[in-house]
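Comments concern the structure below.
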Amino acid sequence: MTTDTEEPTLTIDELAARAGVTVRTVRFYGTKGLLPPPVLGPRRVGHYGQEHLDRLALIEELQRQGMTLSGIERYLRRLPPDLSAHDFAIHRAVVASWAPDTVETVTRQELERRAGRPLGAEDVERLAAMGVVRPGDNGYEADLGLLRLGVGLLDVPLSQEAIFAARKVLIEHTRAAARELSQLFRGEVAERDARDVRSLSAHMHPLVVQALLTAFQRSLKEELGEWLTEPPEESAPG
């Protein structure tokens, strides 16, 4: 694993395994310019890093929405060249919002491929507790729109109780925001033709999601900044 500040250390085989794709796919994307070239090490062995993983995850999300290869090329060309892993996560979240709920029944092997990493019994149990997967008779029912997020939370140093509490807060507040925004837009389109309403909804959906993500991101940054800069409380004299 690499971070944004570490040197790329993954071979093409390791990258393909982590991303859940084939080596041939990685090479194909490289020839199309969808992936930056690897860093050449000793004996001219290519090494890949976090940016390659992030781009592969975004490409997979775009493909799931039915975007063509040429469309994906245009999308990626418009991205700034210095996106961080956090920025890529925001883009994936916005892209995932375009599609309806996608729950599929998958095998354990397919679940790990979609997750981009091996999953132990405890990992699957935590994903099930988050509502991301549900064991069934023929495999696992997986919410593919939430799978990447759930897998990311597996590595977050938070207790399961804290994650559940955070999920409850997010669901309650986003539902309230969605309800108020829906009422606001409904008043604007009440007198329009049904086709215009559907067209407006299709265009507004990703824009509203991106606006909510941006607003929440900035608010959370401000809150965390204030929390981290608060002076520590002085202990009471003994």
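Ligands are numbered from 1 in the order shown, chains are lettered A, B, ... in the order of the structure tokens, and residues start at 1 in each chain.
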
**Study point:** Selection: 9 Å around Glu51 of chain A, only C-alpha atoms, excl. self and same-chain fewer than 2 positions, as a PyMOL selection string
**Key:** chain A and resi 3-4+35-36+48-49+53-56+83-85+88

Fill in: Residues near Asp143 of chain A, cut-off 12 Å, only C-alpha atoms, skip fewer than 6 positions along chain, as an NGL selection string
:A and (96 or 100-106 or 111 or 114-115 or 127-128 or 130-135 or 149-151)

Residues near Val21 of chain A, cut-off 9 Å, only C-alpha atoms, skip fewer than 4 positions along chain, as a short mmCIF file (atom, residue, chain, number, x, y, z; two decimals) with N, CA and C atoms, in the first residue's frame:
data_model
loop_
_atom_site.label_atom_id
_atom_site.label_comp_id
_atom_site.auth_asym_id
_atom_site.auth_seq_id
_atom_site.Cartn_x
_atom_site.Cartn_y
_atom_site.Cartn_z
N LEU A 15 -1.01 -4.32 -8.46
CA LEU A 15 -2.01 -3.29 -8.74
C LEU A 15 -3.29 -3.92 -9.27
N ALA A 16 -3.15 -4.82 -10.23
CA ALA A 16 -4.33 -5.46 -10.82
C ALA A 16 -5.11 -6.24 -9.77
N ALA A 17 -4.39 -6.95 -8.89
CA ALA A 17 -5.06 -7.72 -7.85
C ALA A 17 -5.79 -6.82 -6.87
N THR A 25 -5.97 -5.44 -18.57
CA THR A 25 -6.81 -4.24 -18.47
C THR A 25 -5.97 -3.04 -18.06
N VAL A 26 -5.07 -3.24 -17.09
CA VAL A 26 -4.21 -2.14 -16.64
C VAL A 26 -3.37 -1.63 -17.81
N LEU A 56 -8.31 3.69 -11.19
CA LEU A 56 -8.97 2.44 -11.57
C LEU A 56 -10.33 2.32 -10.89
N ARG A 113 -13.30 -9.15 -5.30
CA ARG A 113 -12.84 -8.44 -6.50
C ARG A 113 -13.43 -7.04 -6.54
N GLY A 116 -11.74 -4.91 -4.02
CA GLY A 116 -10.36 -4.57 -4.35
C GLY A 116 -9.36 -5.05 -3.32
#

- Message: If you run DSSP on the backbone here, which positions in segment 31-223 of chain A get strand (DSSP E or B)? Please write them as a PyMOL selection string.
- Response: chain A and resi 39-40+46-48+103-106+133-136+139-143

Please save all heavy atoms of the selected residues as a compact mmCIF listing (two decimals), in the first residue's frame.
# COMPACT_ATOMS: atom_id res chain seq x y z
N VAL A 39 6.25 4.40 -12.44
CA VAL A 39 7.62 4.84 -12.15
C VAL A 39 8.54 3.65 -12.39
O VAL A 39 8.32 2.56 -11.85
CB VAL A 39 7.74 5.33 -10.70
CG1 VAL A 39 9.20 5.67 -10.38
CG2 VAL A 39 6.84 6.53 -10.47
N LEU A 40 9.54 3.84 -13.21
CA LEU A 40 10.45 2.75 -13.54
C LEU A 40 11.52 2.62 -12.47
O LEU A 40 12.20 3.58 -12.11
CB LEU A 40 11.10 2.99 -14.90
CG LEU A 40 10.15 2.98 -16.11
CD1 LEU A 40 10.92 3.23 -17.40
CD2 LEU A 40 9.39 1.66 -16.19
N GLY A 46 8.18 -1.50 -13.73
CA GLY A 46 7.24 -0.42 -13.43
C GLY A 46 6.62 -0.58 -12.05
O GLY A 46 6.25 -1.69 -11.64
N HIS A 47 6.51 0.53 -11.34
CA HIS A 47 5.88 0.53 -10.02
C HIS A 47 4.72 1.52 -10.02
O HIS A 47 4.80 2.61 -10.58
CB HIS A 47 6.90 0.90 -8.94
CG HIS A 47 7.97 -0.13 -8.75
ND1 HIS A 47 7.76 -1.30 -8.05
CD2 HIS A 47 9.25 -0.17 -9.18
CE1 HIS A 47 8.88 -2.01 -8.04
NE2 HIS A 47 9.80 -1.35 -8.74
N TYR A 48 3.63 1.09 -9.37
CA TYR A 48 2.40 1.87 -9.35
C TYR A 48 2.07 2.27 -7.91
O TYR A 48 2.55 1.66 -6.96
CB TYR A 48 1.24 1.06 -9.94
CG TYR A 48 1.47 0.65 -11.38
CD1 TYR A 48 2.27 -0.45 -11.70
CD2 TYR A 48 0.90 1.36 -12.42
CE1 TYR A 48 2.48 -0.83 -13.02
CE2 TYR A 48 1.10 0.99 -13.75
CZ TYR A 48 1.90 -0.10 -14.03
OH TYR A 48 2.11 -0.47 -15.34
N VAL A 103 -28.06 -3.37 -5.90
CA VAL A 103 -27.82 -4.51 -5.03
C VAL A 103 -27.74 -5.75 -5.91
O VAL A 103 -28.67 -6.05 -6.66
CB VAL A 103 -28.94 -4.66 -3.99
CG1 VAL A 103 -28.70 -5.91 -3.15
CG2 VAL A 103 -29.00 -3.42 -3.10
N GLU A 104 -26.62 -6.44 -5.84
CA GLU A 104 -26.42 -7.64 -6.64
C GLU A 104 -26.02 -8.80 -5.74
O GLU A 104 -25.40 -8.59 -4.69
CB GLU A 104 -25.32 -7.42 -7.69
CG GLU A 104 -25.67 -6.43 -8.78
CD GLU A 104 -24.57 -6.33 -9.83
OE1 GLU A 104 -23.69 -7.21 -9.84
OE2 GLU A 104 -24.61 -5.38 -10.63
N THR A 105 -26.37 -9.99 -6.16
CA THR A 105 -25.92 -11.19 -5.46
C THR A 105 -24.62 -11.65 -6.09
O THR A 105 -24.55 -11.91 -7.30
CB THR A 105 -26.98 -12.31 -5.57
OG1 THR A 105 -28.20 -11.86 -4.97
CG2 THR A 105 -26.50 -13.55 -4.83
N VAL A 106 -23.58 -11.73 -5.27
CA VAL A 106 -22.24 -12.06 -5.77
C VAL A 106 -21.64 -13.17 -4.93
O VAL A 106 -22.03 -13.39 -3.78
CB VAL A 106 -21.31 -10.82 -5.73
CG1 VAL A 106 -21.81 -9.74 -6.66
CG2 VAL A 106 -21.16 -10.28 -4.31
N VAL A 133 -23.33 -5.48 2.96
CA VAL A 133 -23.54 -6.82 2.41
C VAL A 133 -24.47 -7.60 3.33
O VAL A 133 -24.61 -7.28 4.52
CB VAL A 133 -22.20 -7.60 2.25
CG1 VAL A 133 -21.24 -6.86 1.35
CG2 VAL A 133 -21.57 -7.88 3.60
N ARG A 134 -25.10 -8.62 2.75
CA ARG A 134 -25.95 -9.50 3.54
C ARG A 134 -25.77 -10.92 3.03
O ARG A 134 -26.04 -11.20 1.86
CB ARG A 134 -27.42 -9.08 3.41
CG ARG A 134 -28.36 -9.90 4.29
CD ARG A 134 -29.75 -9.31 4.29
NE ARG A 134 -30.33 -9.32 2.95
CZ ARG A 134 -31.51 -8.77 2.65
NH1 ARG A 134 -32.20 -8.14 3.59
NH2 ARG A 134 -31.97 -8.83 1.42
N PRO A 135 -25.28 -11.82 3.90
CA PRO A 135 -25.09 -13.20 3.48
C PRO A 135 -26.41 -13.83 3.05
O PRO A 135 -27.46 -13.61 3.68
CB PRO A 135 -24.53 -13.89 4.72
CG PRO A 135 -23.95 -12.77 5.55
CD PRO A 135 -24.84 -11.59 5.28
N GLY A 136 -26.38 -14.58 1.95
CA GLY A 136 -27.57 -15.26 1.45
C GLY A 136 -27.27 -16.71 1.12
O GLY A 136 -26.15 -17.19 1.32
N GLY A 139 -24.70 -16.78 -1.94
CA GLY A 139 -23.58 -15.84 -1.91
C GLY A 139 -23.88 -14.67 -0.99
O GLY A 139 -24.37 -14.86 0.13
N TYR A 140 -23.61 -13.46 -1.48
CA TYR A 140 -23.81 -12.25 -0.69
C TYR A 140 -24.59 -11.23 -1.50
O TYR A 140 -24.28 -10.99 -2.67
CB TYR A 140 -22.46 -11.64 -0.28
CG TYR A 140 -21.61 -12.53 0.58
CD1 TYR A 140 -20.74 -13.46 0.00
CD2 TYR A 140 -21.68 -12.46 1.97
CE1 TYR A 140 -19.97 -14.28 0.79
CE2 TYR A 140 -20.90 -13.28 2.76
CZ TYR A 140 -20.05 -14.20 2.16
OH TYR A 140 -19.28 -15.02 2.96
N GLU A 141 -25.60 -10.64 -0.88
CA GLU A 141 -26.27 -9.51 -1.49
C GLU A 141 -25.48 -8.27 -1.13
O GLU A 141 -25.39 -7.90 0.05
CB GLU A 141 -27.71 -9.39 -0.99
CG GLU A 141 -28.61 -10.52 -1.46
CD GLU A 141 -30.04 -10.31 -0.99
OE1 GLU A 141 -30.31 -9.29 -0.34
OE2 GLU A 141 -30.88 -11.20 -1.27
N ALA A 142 -24.87 -7.63 -2.13
CA ALA A 142 -23.96 -6.50 -1.89
C ALA A 142 -24.53 -5.23 -2.48
O ALA A 142 -24.96 -5.21 -3.64
CB ALA A 142 -22.58 -6.78 -2.50
N ASP A 143 -24.55 -4.17 -1.68
CA ASP A 143 -24.92 -2.84 -2.18
C ASP A 143 -23.66 -2.25 -2.79
O ASP A 143 -22.80 -1.72 -2.09
CB ASP A 143 -25.43 -1.97 -1.03
CG ASP A 143 -25.99 -0.64 -1.50
OD1 ASP A 143 -25.53 -0.15 -2.56
OD2 ASP A 143 -26.85 -0.07 -0.82

When you count only C-alpha atoms, which of these residues is closest to Arg117 of chain A: A:Pro42, A:Pro157, A:Gly152, A:Pro80?
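The closest residue to Arg117 of chain A is A:Gly152.
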
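Distance annotation: of A:Lys32, A:Leu153, A:Gln183, A:Ala121, the residue with the minimal separation from Arg74 of chain A is A:Lys32; atom set is only C-alpha atoms.
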
Straight-line distance linking atom CA of Val45 of chain A with atom CA of Thr11 of chain A, stated in Å to one decimal:
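If I compute the distance from atom CA of Val45 of chain A to atom CA of Thr11 of chain A, I get 7.7 Å.
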
*Have a look at atom CA of Glu61 of chain A and atom CA of Gly145 of chain A and let me know their distance in Å, one decimal.*
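Those two atoms sit 8.9 Å apart.
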
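Among the candidates A:Arg92, A:Val169, A:Ser159, A:Phe164, the residue lying nearest to Leu146 of chain A is A:Arg92 (atoms considered: only C-alpha atoms).
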
Computed gap from atom CA of His52 of chain A to atom CA of Val156 of chain A is 21.3 Å
